[in-house]
Each structure stands twice: as structure tokens, then as C-alpha cells.
Amino acid sequence: ASSAAHQKVCVVGGGPAGFYTAQHLLKACQDVQVDIYERLPVPFGLVRFGVAPDHPEVKNVISTFTQTAHHARCCYYGNVNVGTDVSVEELREAYHAVVLSYGAEGNRSMGVPGEDLEGVYPAKDFVGWYNGLPSNRELNPGLDCETAVILGQGNVALDVARILLSPIDELKKTDITQRSLDALAQSQVRRVLIVGRRGPLQIAGTIKELREMVNLPDTKPEMVASEFEGMAEALKVIPRPRKRLTELMLKTAVDPPAEKERQRRQAASRSWGLRFLRSPLEVLAGPDGARVAGIRLAVNRLEGTGDGSVAVPTGEVETMDCGLVITSIGYKSLPIDPAVPFDPRKAIVPNSLGRVQQAAGLYCSGWLKTGPVGVIATTMNNSFDTAHSVVEDLTSGCLDATSAKPGSTGIGPLLDKRGVKPVSFSDWEKINQEGRRGAAQGKPREKLLDVEEMLKTART
Ligand code: FAD
């Protein structure tokens, strides 16, 4: 239920940005009620549907978000799709301030022929599939091939590579969905190539994820030593943490392994490798014309140095055989309401310090504010910054915070009239309990995959 607080703020999206924005607002302002509207019945956004199942420690932030949701002046409304069930204008009428924190739910596409062939999947969908995102539960990716190519070299690409090659017994201990576990147990994928358009010094992944690849049981690295030419020299001038990351790549790709490591590599049944300076030109179909059988790549050279260097095609072209292509070239925010300013080029809501330009009382935080970059800690900081701007505006009087606004009591009847039944935080806790009950031995939970099933569980 809503508190007696006079200032009403709502947050759109119940991911890290939404929860961190709410947390800071509640702490900084004693007279504010914060309502969180989330599209899915279940909260936490990419912490639940993005973060890899074998990274449970990253999900510890959920306990902080749960505390926020239980705060006396916070209320969670799941199963409310803003832009469809209620408009941003209606929220702005009902609240002194509206913070958009709905993340980046679209994909960047490669824009090359063959992208729609069977066996080509955006990493976002593949990740959603193994993490139980309802809209991806039917993905059933074909894993009956030997080689998979992942395009992109960020942490999401490394997560996908690791999940494809992890021993099933390790995955069994995680909250990965049972159907993807079953599919991965049958997987024929033995080799994963992670392809980037620039060089080793521009790789976007971080050392933790790379080290996990290097140490992945039953796998060996399959690198091309010549791709690292000149790297030892470059090490002298590059700053940490890139220096450590490059040292690890060099050690893996170039240094002769010590005896124990040599034996480990020799016994391995699977391999993974990084490939550099390659851009996709076309995904190639097999004889049936429907399924992917390879990928044609342009060979690039780099112009300039460091992060700002640009990949330029040399004119040389190369083909890689593969039966699975996963494109990991970035998530992308989408507009949800035509009344909200949106920059289609950067795919963000244009803002300064979280204040949406030319829209008093409207704010944004998280990936919608910055673009889909950075870890949860980055999202936390930029969400605190946005919350700080809201508090500043509430206290400086520019939001007419003294006039009464109805908050959720204005929105509830609208939703009711439209047949939308919000899921409360305690409803979500029932869904979560059900997930824990349904889990096989050793698994922390088995996520419910169907929105109807979630709603039914919430209401029993
Ligand atoms: P999101 O987490 O996407 O949350 C947005 C929320 O808004 C979602 O719950 C969504 O359902 C909701 N929403 C969308 N549309 C609407 C609408 N119309 N109405 C209402 N609600 C809506 N970071 C780490 O620190 N460690 C990791 O190991 C890590 N792994 C990652 C793995 C992957 C595959 C990805 C993609 C990211 C990973 N990150 C990791 C980064 C981290 O997930 C992000 O920094 C963070 O989730 C961004 O938060 P957000 O709230 O902006 O977006």
C-alpha cells in the first residue's frame, strides 16, 4: 500500500537501475513515496535474465533490492508494461517525477545477408533462453554442430562461450533452466571461436571472464600466435587493467605451457579461441539453403592505436565453417512511448545528469541513460546520480512538489479498467518460492518460464 508521503515518484523498470534509483531516493528524501512499475511479473531485470547462471555471487545484489522493495515508502507493481498498459503521460500526471529505467531490450543487428538463417541467434536471445526469459523459452537453438562462432568479444560473448563449453556437472549446480541444461547435455559443440573486428588491444571483455575461459575444465585454447605480434612491445605502454588482460592473452596464446598445463590441454576434448581483425560479411547457408554452415569474414587492419583505433577492411576475405552463429554486438534501448524524447542514433533517452531534455519531471537511469555498457556497479553509480538530480529538483521547488499528486491511487483504477492486474512484491516472493520448490537437487531454483504460470502462482 502507498505511504502517507507527499512527494510521489515512480520508476519504470525493476532492474538494477530502477532499484538503485529507488534506494537513493528513499534514503535522501524522507517525504517521498517511490513506486516501481515493471513489465514482467518478476523483478531484477538482467540480474535474473542476463547475468550468467554460474556467476551466483553477482546476483547477491538481489538482497539489497529486496530490502528496498520492502521499504515502507516503496511499492512494486510487476506485470505492468509502461507504454502499453499505461502511458508515460499518465504516469507524469499522477507523479511529481517519473524515472525511466527500462534498460535495453533490443538487439543490434549485423546488417549482413544470411543473418536470419536457422542457427543464427542474437546473444541476447541465447542468454534469455538459458536464463529463463519467458519470451526466449522456445528458442531451442540447434547445438548439433561442432563449431560455434560468436561475433563480438565483450563479456556477454565470453559468458556465452563459457556456457557452451562448461561441463554439464558444473552447470547442474546453477539456476540455468532445466530445458537448456538438457539441450547443453546433448550438445555436439566442441569448438567455439570468439571473433572481433579489432585487435587484442581493443577486446571489450574483462580479465575475470577471460580467466574463466583459460581455466575452463576439459578445454584448451586455440589461438593464432601471429595475431599477437608486437603485443609484448605494446605492453610496456598500456595502462592497467588492459595490461593485465593482454598479459593473460599473450601467456595463453604465445607462451609454451608448463608441463601440467600442457597435459591438461592435451587431454581436453573441447577448444575455444579468440580471432581478431575480422568483420562479418555474410552468413552462409548449407546445402538445404536454410541452415547456417559458415560465415564469410572481411579481414581488417587497424588504423590508429588504442581504444580509438578503427578497423578498415584490407580487401582480403576468409570463410569459417560453423553450424551455430551467435551475434554478441550489443544490446539496444528501444523507445516505449512516442511522447518521450529518444535519440535513435545513440539509442538512449537524451538527458543531462539524468534529466530528460525538454521534459520537466522526467528522468532516466541505467542502460537507457548511458547505452548498454558497464557492469552493475556502473549502473548503480549512474542511477544514484539520476536520483540526486530528482532530489535536487524536488527540493528546489521546480517540480511543484507541494501540490498533491495521486501516485498509484491515480494509476490503479486505470490499470483495473484495462484489465491489468499488477503483481505485488509479495506475489513475486510466492513465485520465487515456487521456483525453489521445483528445483532439482543441488540447483538453487528452477525458474518458471511462462508468464501465465507466474501469474497463476502469484495468485494462489
Ligand atoms: P535491465 O537490467 O535490463 O532492467 C530493465 C528492466 O526494465 C527489466 O526488468 C525490464 O523487464 C523492465 N522493462 C523493460 N521495458 C519495460 C516497460 N515498457 N515497462 C516496464 N518495465 C520495463 N554486470 C555485472 O556487474 N556482472 C555480470 O556478471 C554481468 N553479466 C551480464 C551478462 C549479460 C548477458 C548482460 C546483458 C549484462 C550483464 N551485466 C553484468 C550488466 C548488468 O546486467 C547491467 O549493468 C544492468 O542490468 C543494467 O541495468 P538496467 O536496470 O539499466 O537494465
# chains A, B, ... in the order shown; residues from 1 in each chain; ligands from 1
>>> closest_atom_pairs(of="chain A", to="ligand 1", cutoff="8 Å", atoms="only C-alpha atoms and all ligand atoms", output="tab-separated table")
residue	atom	partner	partner_atom_place_in_ligand_line	distance
A:Val12	CA	ligand 1	20 (C)	5.1
A:Gly13	CA	ligand 1	7 (O)	3.3
A:Gly14	CA	ligand 1	9 (O)	4.6
A:Gly15	CA	ligand 1	4 (O)	3.4
A:Pro16	CA	ligand 1	51 (O)	4.0
A:Ala17	CA	ligand 1	51 (O)	3.6
A:Gly18	CA	ligand 1	51 (O)	5.5
A:Phe19	CA	ligand 1	51 (O)	7.6
A:Tyr37	CA	ligand 1	20 (C)	5.5
A:Glu38	CA	ligand 1	21 (N)	3.8
A:Arg39	CA	ligand 1	20 (C)	3.9
A:Leu40	CA	ligand 1	11 (O)	5.4
A:Val42	CA	ligand 1	9 (O)	7.7
A:Pro43	CA	ligand 1	9 (O)	5.7
A:Phe44	CA	ligand 1	9 (O)	5.3
A:Gly45	CA	ligand 1	9 (O)	3.1
A:Leu46	CA	ligand 1	2 (O)	3.7
A:Val47	CA	ligand 1	43 (O)	5.4
A:Phe49	CA	ligand 1	34 (C)	7.5
A:Gly50	CA	ligand 1	34 (C)	3.9
A:Val51	CA	ligand 1	30 (N)	3.8
A:Ala52	CA	ligand 1	32 (C)	5.9
A:His55	CA	ligand 1	28 (O)	6.3
A:Val58	CA	ligand 1	26 (N)	5.6
A:Asn79	CA	ligand 1	20 (C)	8.0
A:Val80	CA	ligand 1	20 (C)	6.0
A:Asn81	CA	ligand 1	19 (N)	4.0
A:Val82	CA	ligand 1	19 (N)	3.8
A:Gly83	CA	ligand 1	18 (N)	5.6
A:Thr84	CA	ligand 1	18 (N)	7.2
A:Ser101	CA	ligand 1	51 (O)	5.7
A:Tyr102	CA	ligand 1	7 (O)	3.4
A:Gly103	CA	ligand 1	53 (O)	3.5
A:Ala104	CA	ligand 1	3 (O)	5.5
A:Glu105	CA	ligand 1	14 (C)	6.5
A:Ala123	CA	ligand 1	34 (C)	7.5
A:Lys124	CA	ligand 1	34 (C)	6.6
A:Val127	CA	ligand 1	34 (C)	5.9
A:Asn155	CA	ligand 1	32 (C)	6.9
A:Val156	CA	ligand 1	34 (C)	4.7
A:Asp159	CA	ligand 1	34 (C)	7.0
A:Tyr331	CA	ligand 1	36 (C)	7.0
A:Ile336	CA	ligand 1	18 (N)	5.7
A:Ser365	CA	ligand 1	52 (O)	6.6
A:Gly366	CA	ligand 1	52 (O)	3.4
A:Trp367	CA	ligand 1	52 (O)	3.8
A:Leu368	CA	ligand 1	52 (O)	5.9
A:Lys369	CA	ligand 1	52 (O)	7.8
A:Pro372	CA	ligand 1	48 (C)	7.3
A:Val373	CA	ligand 1	45 (O)	6.8
A:Gly374	CA	ligand 1	45 (O)	5.4
A:Val375	CA	ligand 1	23 (N)	3.6
A:Ile376	CA	ligand 1	25 (O)	3.8
A:Ala377	CA	ligand 1	25 (O)	6.0
A:Thr378	CA	ligand 1	45 (O)	6.6
A:Thr379	CA	ligand 1	45 (O)	5.1
>>> residues_around(residues="Ser226 (chain A)", least_positions_apart="3", cutoff="12 Å", atoms="only C-alpha atoms", output="ChimeraX atom specification")
/A:199-200,223,229-231,250,253-254,275-276
>>> write_last_selection(atoms="C-alpha atoms", output="mmCIF file, in the first residue's frame")
data_model
loop_
_atom_site.group_PDB
_atom_site.id
_atom_site.type_symbol
_atom_site.label_atom_id
_atom_site.label_comp_id
_atom_site.auth_asym_id
_atom_site.auth_seq_id
_atom_site.Cartn_x
_atom_site.Cartn_y
_atom_site.Cartn_z
ATOM 1 C CA GLY A 199 42.748 -6.405 -32.332
ATOM 2 C CA PRO A 200 43.772 -7.911 -28.990
ATOM 3 C CA MET A 223 44.724 -19.089 -30.608
ATOM 4 C CA GLU A 229 52.755 -9.931 -32.941
ATOM 5 C CA GLY A 230 54.030 -6.688 -31.446
ATOM 6 C CA MET A 231 51.904 -7.166 -28.337
ATOM 7 C CA LEU A 250 49.707 -13.393 -24.527
ATOM 8 C CA ALA A 253 48.359 -17.699 -26.947
ATOM 9 C CA VAL A 254 52.114 -17.488 -27.219
ATOM 10 C CA ARG A 275 40.085 -14.399 -33.575
ATOM 11 C CA PHE A 276 40.881 -10.792 -34.331
#
>>> closest_residue(among="A:Arg73, A:Lys430, A:Asp54, A:Asp255", to="Asp169 (chain A)", atoms="only C-alpha atoms")
A:Asp54
>>> closest_residue(among="A:Arg264, A:Gln178, A:Phe384, A:Tyr95", to="Arg137 (chain A)", atoms="only C-alpha atoms")
A:Gln178
>>> closest_residue(among="A:Val237, A:His71, A:Thr66, A:Thr252", to="Ser3 (chain A)", atoms="only C-alpha atoms")
A:His71
>>> residues_around(residues="Pro167 (chain A)", least_positions_apart="3", cutoff="8 Å", atoms="only C-alpha atoms", output="number ranges by chain")
A: 170-171, 217-218
>>> select_by_dssp(residues="region 261-438 of chain A", states="alpha helix (DSSP H)", output="PyMOL selection string")
chain A and resi 261-267+367-370+376-396+408-417+425-437
>>> closest_residue(among="A:Pro444, A:Ala387, A:Leu449, A:Lys236", to="Leu26 (chain A)", atoms="only C-alpha atoms")
A:Ala387
>>> atom_distance(atom1="CA of Leu210 (chain A)", atom2="CA of Ser309 (chain A)")
22.0 Å
>>> residues_around(residues="Leu100 (chain A)", least_positions_apart="6", cutoff="6 Å", atoms="only C-alpha atoms", output="count of residues only")
4
>>> atom_distance(atom1="CA of Arg240 (chain A)", atom2="CA of Gln153 (chain A)")
18.6 Å
>>> atom_distance(atom1="CA of Gly286 (chain A)", atom2="CA of Gly119 (chain A)")
10.9 Å
